[in-house]
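Structure data follow from final-v1.cif (mmCIF, C-alpha atoms and all ligand atoms):
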data_my_file
loop_
_atom_site.group_PDB
_atom_site.id
_atom_site.type_symbol
_atom_site.label_atom_id
_atom_site.label_comp_id
_atom_site.auth_asym_id
_atom_site.auth_seq_id
_atom_site.Cartn_x
_atom_site.Cartn_y
_atom_site.Cartn_z
ATOM 1 C CA MET A 5 5.710 14.584 -10.775
ATOM 2 C CA ASN A 6 3.116 15.116 -13.476
ATOM 3 C CA LYS A 7 0.584 12.262 -13.239
ATOM 4 C CA LEU A 8 0.162 10.294 -16.450
ATOM 5 C CA VAL A 9 -2.761 8.952 -18.483
ATOM 6 C CA ALA A 10 -2.303 5.875 -20.682
ATOM 7 C CA PRO A 11 -5.286 5.010 -22.915
ATOM 8 C CA SER A 12 -5.600 1.246 -23.406
ATOM 9 C CA VAL A 13 -5.800 0.486 -27.119
ATOM 10 C CA LEU A 14 -7.679 -2.755 -26.339
ATOM 11 C CA ALA A 15 -10.851 -0.633 -26.178
ATOM 12 C CA ALA A 16 -10.175 1.150 -29.500
ATOM 13 C CA ASP A 17 -12.147 0.495 -32.682
ATOM 14 C CA PHE A 18 -9.909 -2.003 -34.499
ATOM 15 C CA ALA A 19 -11.625 -1.255 -37.796
ATOM 16 C CA ASN A 20 -10.498 2.354 -37.351
ATOM 17 C CA LEU A 21 -7.261 1.756 -35.543
ATOM 18 C CA GLN A 22 -5.227 4.447 -37.291
ATOM 19 C CA ARG A 23 -7.921 7.025 -36.525
ATOM 20 C CA ASP A 24 -7.878 6.062 -32.837
ATOM 21 C CA ILE A 25 -4.065 6.117 -32.688
ATOM 22 C CA GLU A 26 -4.033 9.609 -34.206
ATOM 23 C CA MET A 27 -6.671 10.679 -31.677
ATOM 24 C CA VAL A 28 -4.329 9.631 -28.849
ATOM 25 C CA ASN A 29 -1.373 11.324 -30.594
ATOM 26 C CA ASP A 30 -3.294 14.601 -30.739
ATOM 27 C CA SER A 31 -4.689 14.323 -27.197
ATOM 28 C CA LYS A 32 -3.271 15.134 -23.762
ATOM 29 C CA ALA A 33 -2.524 11.424 -23.198
ATOM 30 C CA ASP A 34 1.013 10.511 -22.168
ATOM 31 C CA TRP A 35 1.422 6.877 -23.223
ATOM 32 C CA PHE A 36 -0.174 4.172 -25.364
ATOM 33 C CA HIS A 37 -1.032 1.109 -23.253
ATOM 34 C CA ILE A 38 -0.944 -2.069 -25.354
ATOM 35 C CA ASP A 39 -2.408 -5.326 -23.988
ATOM 36 C CA ILE A 40 -0.988 -8.555 -25.401
ATOM 37 C CA MET A 41 -2.921 -11.703 -24.327
ATOM 38 C CA ASP A 42 -2.184 -15.307 -25.249
ATOM 39 C CA GLY A 43 -5.326 -17.221 -24.251
ATOM 40 C CA VAL A 44 -3.210 -19.237 -21.779
ATOM 41 C CA PHE A 45 -2.103 -16.872 -19.022
ATOM 42 C CA VAL A 46 -5.469 -15.124 -19.389
ATOM 43 C CA PRO A 47 -8.686 -16.547 -20.853
ATOM 44 C CA ASN A 48 -8.677 -14.188 -23.839
ATOM 45 C CA ILE A 49 -6.594 -13.441 -26.936
ATOM 46 C CA SER A 50 -6.175 -9.787 -27.915
ATOM 47 C CA PHE A 51 -3.752 -9.128 -30.775
ATOM 48 C CA GLY A 52 -0.136 -9.832 -31.577
ATOM 49 C CA MET A 53 2.975 -8.662 -33.356
ATOM 50 C CA PRO A 54 1.596 -7.540 -36.759
ATOM 51 C CA VAL A 55 -0.954 -5.302 -35.057
ATOM 52 C CA LEU A 56 1.641 -3.852 -32.691
ATOM 53 C CA LYS A 57 3.867 -3.189 -35.693
ATOM 54 C CA ALA A 58 1.038 -1.234 -37.340
ATOM 55 C CA ILE A 59 0.363 0.725 -34.127
ATOM 56 C CA SER A 60 4.065 1.530 -33.723
ATOM 57 C CA LYS A 61 4.200 3.001 -37.196
ATOM 58 C CA HIS A 62 1.700 5.715 -36.228
ATOM 59 C CA ALA A 63 2.133 6.120 -32.471
ATOM 60 C CA LYS A 64 4.057 9.243 -31.469
ATOM 61 C CA LYS A 65 4.057 8.645 -27.716
ATOM 62 C CA ILE A 66 5.647 6.173 -25.314
ATOM 63 C CA ILE A 67 4.526 2.604 -26.036
ATOM 64 C CA ASP A 68 3.784 0.768 -22.810
ATOM 65 C CA VAL A 69 3.337 -2.952 -23.561
ATOM 66 C CA HIS A 70 1.556 -5.129 -20.994
ATOM 67 C CA LEU A 71 2.260 -8.806 -21.627
ATOM 68 C CA MET A 72 -0.374 -11.206 -20.313
ATOM 69 C CA ILE A 73 1.412 -14.264 -21.667
ATOM 70 C CA VAL A 74 3.238 -17.279 -20.272
ATOM 71 C CA ASP A 75 7.006 -17.495 -20.652
ATOM 72 C CA PRO A 76 7.485 -13.902 -21.878
ATOM 73 C CA ASP A 77 11.277 -14.343 -22.146
ATOM 74 C CA ARG A 78 10.720 -15.851 -25.605
ATOM 75 C CA TYR A 79 9.598 -12.512 -27.037
ATOM 76 C CA ILE A 80 11.612 -9.807 -25.254
ATOM 77 C CA GLN A 81 13.799 -8.947 -28.244
ATOM 78 C CA THR A 82 10.793 -9.084 -30.571
ATOM 79 C CA PHE A 83 8.941 -6.466 -28.544
ATOM 80 C CA ALA A 84 12.037 -4.268 -28.426
ATOM 81 C CA ASP A 85 12.265 -4.496 -32.219
ATOM 82 C CA LEU A 86 8.565 -3.629 -32.524
ATOM 83 C CA GLY A 87 9.084 -0.337 -30.705
ATOM 84 C CA ALA A 88 8.052 -1.076 -27.119
ATOM 85 C CA ASP A 89 9.515 1.531 -24.743
ATOM 86 C CA ILE A 90 8.275 -0.169 -21.573
ATOM 87 C CA LEU A 91 7.754 -3.932 -21.310
ATOM 88 C CA THR A 92 5.696 -5.227 -18.398
ATOM 89 C CA VAL A 93 5.529 -8.916 -17.521
ATOM 90 C CA HIS A 94 3.364 -10.611 -14.906
ATOM 91 C CA HIS A 95 4.933 -11.767 -11.670
ATOM 92 C CA GLU A 96 2.663 -14.817 -11.870
ATOM 93 C CA ALA A 97 4.008 -15.751 -15.325
ATOM 94 C CA CYS A 98 7.745 -15.640 -14.516
ATOM 95 C CA THR A 99 9.658 -18.296 -12.633
ATOM 96 C CA HIS A 100 12.903 -16.337 -12.900
ATOM 97 C CA LEU A 101 11.573 -12.810 -12.673
ATOM 98 C CA HIS A 102 14.937 -11.254 -11.877
ATOM 99 C CA ARG A 103 16.467 -12.719 -15.031
ATOM 100 C CA THR A 104 13.493 -11.596 -17.123
ATOM 101 C CA VAL A 105 13.720 -8.032 -15.790
ATOM 102 C CA GLN A 106 17.445 -7.864 -16.575
ATOM 103 C CA ALA A 107 16.804 -9.195 -20.088
ATOM 104 C CA ILE A 108 14.178 -6.487 -20.718
ATOM 105 C CA LYS A 109 16.657 -3.802 -19.691
ATOM 106 C CA ALA A 110 19.480 -5.369 -21.719
ATOM 107 C CA ALA A 111 17.183 -5.118 -24.758
ATOM 108 C CA GLY A 112 16.988 -1.353 -24.173
ATOM 109 C CA MET A 113 13.491 -1.098 -22.657
ATOM 110 C CA LYS A 114 12.179 0.002 -19.276
ATOM 111 C CA ALA A 115 11.098 -2.972 -17.178
ATOM 112 C CA GLY A 116 7.704 -3.343 -15.506
ATOM 113 C CA VAL A 117 6.105 -6.044 -13.371
ATOM 114 C CA ALA A 118 2.338 -6.490 -13.098
ATOM 115 C CA LEU A 119 0.563 -8.051 -10.111
ATOM 116 C CA ASN A 120 -2.803 -9.797 -10.269
ATOM 117 C CA PRO A 121 -5.424 -8.670 -7.730
ATOM 118 C CA HIS A 122 -4.648 -11.581 -5.392
ATOM 119 C CA THR A 123 -0.852 -11.161 -5.448
ATOM 120 C CA PRO A 124 0.516 -9.282 -2.436
ATOM 121 C CA ILE A 125 2.897 -6.326 -2.794
ATOM 122 C CA ALA A 126 5.376 -8.158 -0.539
ATOM 123 C CA VAL A 127 6.513 -10.387 -3.442
ATOM 124 C CA LEU A 128 8.294 -7.325 -4.878
ATOM 125 C CA GLU A 129 10.484 -6.637 -1.834
ATOM 126 C CA ASP A 130 13.632 -8.120 -3.355
ATOM 127 C CA ILE A 131 13.190 -6.772 -6.865
ATOM 128 C CA ILE A 132 11.659 -3.326 -6.419
ATOM 129 C CA GLN A 133 14.968 -1.528 -6.923
ATOM 130 C CA ASP A 134 15.413 -3.103 -10.357
ATOM 131 C CA LEU A 135 12.011 -2.000 -11.633
ATOM 132 C CA ASP A 136 10.988 1.060 -13.613
ATOM 133 C CA LEU A 137 7.275 0.385 -13.220
ATOM 134 C CA VAL A 138 4.879 -1.721 -11.166
ATOM 135 C CA CYS A 139 1.444 -2.302 -12.674
ATOM 136 C CA ILE A 140 -1.195 -3.053 -10.047
ATOM 137 C CA MET A 141 -4.089 -4.857 -11.694
ATOM 138 C CA SER A 142 -7.355 -3.422 -10.413
ATOM 139 C CA VAL A 143 -9.343 -6.081 -12.311
ATOM 140 C CA ASN A 144 -8.526 -9.685 -13.144
ATOM 141 C CA PRO A 145 -6.541 -9.410 -16.373
ATOM 142 C CA GLY A 146 -8.007 -10.603 -19.655
ATOM 143 C CA PHE A 147 -10.818 -8.221 -20.523
ATOM 144 C CA GLY A 148 -11.590 -4.535 -20.759
ATOM 145 C CA GLY A 149 -14.715 -3.016 -19.261
ATOM 146 C CA GLN A 150 -14.685 -4.785 -15.875
ATOM 147 C CA SER A 151 -15.452 -3.214 -12.499
ATOM 148 C CA PHE A 152 -12.677 -1.749 -10.386
ATOM 149 C CA ILE A 153 -11.639 -3.833 -7.340
ATOM 150 C CA GLU A 154 -11.717 -1.619 -4.220
ATOM 151 C CA ASN A 155 -8.869 -3.455 -2.459
ATOM 152 C CA THR A 156 -6.553 -1.757 -4.976
ATOM 153 C CA TYR A 157 -6.267 1.440 -2.894
ATOM 154 C CA LYS A 158 -4.696 -0.486 -0.025
ATOM 155 C CA LYS A 159 -2.199 -2.140 -2.363
ATOM 156 C CA VAL A 160 -1.210 1.204 -3.894
ATOM 157 C CA SER A 161 -0.460 2.621 -0.425
ATOM 158 C CA GLN A 162 1.562 -0.460 0.499
ATOM 159 C CA LEU A 163 3.567 -0.220 -2.716
ATOM 160 C CA LYS A 164 4.141 3.498 -2.194
ATOM 161 C CA HIS A 165 5.562 2.765 1.268
ATOM 162 C CA LEU A 166 7.827 0.049 -0.132
ATOM 163 C CA ILE A 167 9.108 2.433 -2.817
ATOM 164 C CA GLU A 168 9.815 5.154 -0.253
ATOM 165 C CA PHE A 169 11.378 2.724 2.211
ATOM 166 C CA THR A 170 13.763 1.366 -0.447
ATOM 167 C CA ASN A 171 14.370 4.777 -2.021
ATOM 168 C CA SER A 172 13.508 3.394 -5.440
ATOM 169 C CA SER A 173 12.144 5.361 -8.370
ATOM 170 C CA THR A 174 9.571 2.875 -9.673
ATOM 171 C CA LEU A 175 6.379 4.309 -11.142
ATOM 172 C CA ILE A 176 3.043 2.952 -9.927
ATOM 173 C CA GLU A 177 0.576 2.175 -12.717
ATOM 174 C CA ILE A 178 -3.053 1.174 -12.185
ATOM 175 C CA ASP A 179 -4.783 -0.967 -14.792
ATOM 176 C CA GLY A 180 -8.463 -1.872 -14.987
ATOM 177 C CA GLY A 181 -11.762 -0.144 -14.367
ATOM 178 C CA VAL A 182 -10.221 3.335 -14.007
ATOM 179 C CA THR A 183 -12.703 6.214 -14.299
ATOM 180 C CA ASP A 184 -13.166 9.746 -12.958
ATOM 181 C CA LYS A 185 -14.808 8.088 -9.904
ATOM 182 C CA ASN A 186 -11.651 6.393 -8.616
ATOM 183 C CA ALA A 187 -8.852 8.436 -10.252
ATOM 184 C CA ASN A 188 -8.307 10.935 -7.436
ATOM 185 C CA GLN A 189 -8.297 8.346 -4.683
ATOM 186 C CA LEU A 190 -5.736 6.310 -6.649
ATOM 187 C CA ILE A 191 -3.481 9.338 -7.050
ATOM 188 C CA GLU A 192 -3.835 10.196 -3.347
ATOM 189 C CA ALA A 193 -2.781 6.638 -2.495
ATOM 190 C CA GLY A 194 0.380 7.070 -4.599
ATOM 191 C CA ALA A 195 -0.400 6.167 -8.238
ATOM 192 C CA ASP A 196 1.633 7.803 -11.035
ATOM 193 C CA VAL A 197 0.060 6.359 -14.202
ATOM 194 C CA LEU A 198 -3.608 5.572 -14.833
ATOM 195 C CA VAL A 199 -4.491 3.189 -17.670
ATOM 196 C CA ALA A 200 -7.986 3.775 -19.034
ATOM 197 C CA GLY A 201 -9.597 1.723 -21.799
ATOM 198 C CA SER A 202 -13.385 1.721 -21.908
ATOM 199 C CA TYR A 203 -13.658 4.967 -19.971
ATOM 200 C CA VAL A 204 -11.786 6.748 -22.798
ATOM 201 C CA PHE A 205 -12.721 4.925 -25.983
ATOM 202 C CA LYS A 206 -16.387 4.261 -25.198
ATOM 203 C CA SER A 207 -17.029 7.884 -24.249
ATOM 204 C CA ASP A 208 -18.729 10.350 -26.599
ATOM 205 C CA ASN A 209 -15.598 12.434 -26.978
ATOM 206 C CA PRO A 210 -12.418 10.479 -26.158
ATOM 207 C CA THR A 211 -10.152 13.520 -26.648
ATOM 208 C CA ASP A 212 -12.104 15.507 -24.051
ATOM 209 C CA THR A 213 -12.318 12.504 -21.728
ATOM 210 C CA ILE A 214 -8.525 12.186 -21.775
ATOM 211 C CA GLU A 215 -8.084 15.901 -21.127
ATOM 212 C CA ASN A 216 -10.605 15.888 -18.283
ATOM 213 C CA LEU A 217 -8.946 12.877 -16.645
ATOM 214 C CA LYS A 218 -5.538 14.501 -17.021
ATOM 215 C CA ASN A 219 -6.791 17.755 -15.450
ATOM 216 C CA LEU A 220 -8.534 15.868 -12.659
ATOM 217 C CA ILE A 221 -5.332 14.179 -11.484
ATOM 218 C CA ASN A 222 -2.918 17.086 -11.924
HETATM 219 C C1 LIG A 301 -7.066 -5.908 -18.774
HETATM 220 C C2 LIG A 301 -6.101 -5.002 -19.484
HETATM 221 C C3 LIG A 301 -6.420 -3.564 -19.329
HETATM 222 C C4 LIG A 301 -7.713 -3.160 -19.992
HETATM 223 C C5 LIG A 301 -8.265 -1.984 -19.257
HETATM 224 O O1 LIG A 301 -6.597 -7.191 -18.815
HETATM 225 O O2 LIG A 301 -4.800 -5.183 -18.964
HETATM 226 O O3 LIG A 301 -5.359 -2.745 -19.805
HETATM 227 O O4 LIG A 301 -7.537 -2.835 -21.358
HETATM 228 O O5 LIG A 301 -9.535 -1.729 -19.747
HETATM 229 P P1 LIG A 301 -10.628 -0.938 -18.902
HETATM 230 O O6 LIG A 301 -10.062 0.427 -18.627
HETATM 231 O O7 LIG A 301 -11.805 -0.924 -19.822
HETATM 232 O O8 LIG A 301 -10.863 -1.710 -17.642
HETATM 233 ZN ZN ZN A 302 -3.228 -3.677 -19.475
#

Here is a file; write its structure as structure tokens.
Ligand code: DX5
Ligand code: ZN
Amino acid sequence: MNKLVAPSVLAADFANLQRDIEMVNDSKADWFHIDIMDGVFVPNISFGMPVLKAISKHAKKIIDVHLMIVDPDRYIQTFADLGADILTVHHEACTHLHRTVQAIKAAGMKAGVALNPHTPIAVLEDIIQDLDLVCIMSVNPGFGGQSFIENTYKKVSQLKHLIEFTNSSTLIEIDGGVTDKNANQLIEAGADVLVAGSYVFKSDNPTDTIENLKNLIN
């Protein structure tokens, strides 16, 4: 399968958001990665529904929403209405994860589950076949621009084995600290989608950076 690049809009210039959205539209990027933080599940607040609505209006690619919020069930229909194609919730934020995943699908979206760096892959054993995407956090969620945690490679391999063993079709997404320095090793371990925030938006030429990353992993 073609390996995917998902620029994280958290690192965009919010005063020029439309410009940055159009840049992604016109680039080789595959998805928009949208980080929603509530200041409770993670120690930071990013942006909420009105901003996502504005992004949706201009975005011409898949919208991959990463919820870093407690009790995400409250907002599943809202995110569907706002144009989310994929909705990812945190394992650590859901008491009834199976119910949440089914509700995401019933609302017409693909369902993803994200794991914090300390959460073992084994917690997914009984839900992997229901998932469209697993997001392995390669930093502690809450902020862009952090350093990549090396233990991630091992987790990607473990998840890849679980997916093969259960014959499931879940995509493996990596989120946090992704650059050209770790991209290939992540793909070799089994990753399908690389999220990249600072590496893309803080570079001199984000369009070229996206294209180079895409070429590097394909
Ligand atoms: C972190 C977010 C990431 C973040 C990635 O909590 O989930 O998506 O935007 O940013 P970089 O690529 O700068 O680590
Ligand atoms: Zn994210």

Find the residues near ligand LIG 301 (chain A). Use a cut-off of 7 Å, count only C-alpha atoms and all ligand atoms, and write them as an MDAnalysis selection string.
chainID A and resid 12:15 37 39 70 143:150 179:182 199:203

Enumerate, as a PyMOL selection string, the residues matched when the PyMOL selection byres (((chain A and resi 109-111) around 12) and not hetatm) is run on the file above.
chain A and resi 77+79-92+102-108+112-116+134-136

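Once the PyMOL selection byres (((chain A and resi 52-59) around 9) and not hetatm) is applied to the depicted file, the selected set reads Leu21, Gln22, Ile25, Ile38, Ile40, Met41, Asp42, Ile49, Ser50, Phe51, Ser60, Lys61, His62, Ala63, Thr82, Phe83, Leu86, Gly87 and Ala88 of chain A.
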
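Against the coordinates shown, the PyMOL selection byres (((chain A and resi 198) around 7) and not hetatm) returns Leu8, Val9, Ala10, Glu177, Ile178, Asp179, Asp196, Val197, Val199 and Ala200 of chain A.
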
For segment 15-18 of chain A, take all atoms listed in the file, fit an axis-aligned box around them, add 6 Å to each of the six sides, then output centre and edge lengths in Å rounded to one decimal, as JSON.
{"center_x": -11.0, "center_y": -0.4, "center_z": -30.3, "size_x": 14.2, "size_y": 15.2, "size_z": 20.3}

Across A:Met141, A:Ile125, A:Met5, A:Ile132, the smallest distance to Glu154 of chain A, with all atoms listed in the file counted, is shown by A:Met141

Would you please work out which residue, of A:Lys158, A:Lys206, A:Arg78, A:His94, is nearest to ligand ZN 302 (chain A) when using all atoms listed in the file?
A:His94

Of the candidates A:Ala187, A:Leu166, A:Ile73, A:Ile153, which shows the shortest atom-to-atom distance to ligand ZN 302 (chain A), using only C-alpha atoms and all ligand atoms?
A:Ile73

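The nearest approach to ligand ZN 302 (chain A) among the residues A:Ala195, A:Leu119, A:Leu175, A:Val44, with only C-alpha atoms and all ligand atoms taken into account, belongs to A:Leu119.
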
Atomic distance atom CA of Ser161 of chain A - atom CA of Glu96 of chain A, expressed in Å with one decimal
21.1 Å

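Atom CA of Ile214 of chain A to atom CA of Asn20 of chain A spans 18.5 Å [interatomic distance, one decimal].
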
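If you look at atom CA of Leu101 of chain A and atom CA of Gln162 of chain A, they are 20.6 Å away from each other.
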
At a cut-off of 10 Å around the point (1.7, 9.4, -23.9) (file coordinates), what residues fall inside when counting only C-alpha atoms? I'd like the answer as number ranges by chain.
A: 8-11, 28-37, 63-68

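Of the residues listed (A:Met27, A:Val204, A:Ala118, A:Leu163), A:Ala118 shows the shortest atom-to-atom separation from ligand ZN 302 (chain A); distances use all atoms listed in the file.
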
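Nearest to ligand ZN 302 (chain A) of all the residues A:Cys98, A:Ile167, A:Val138, A:Val74 is A:Val138, based on all atoms listed in the file.
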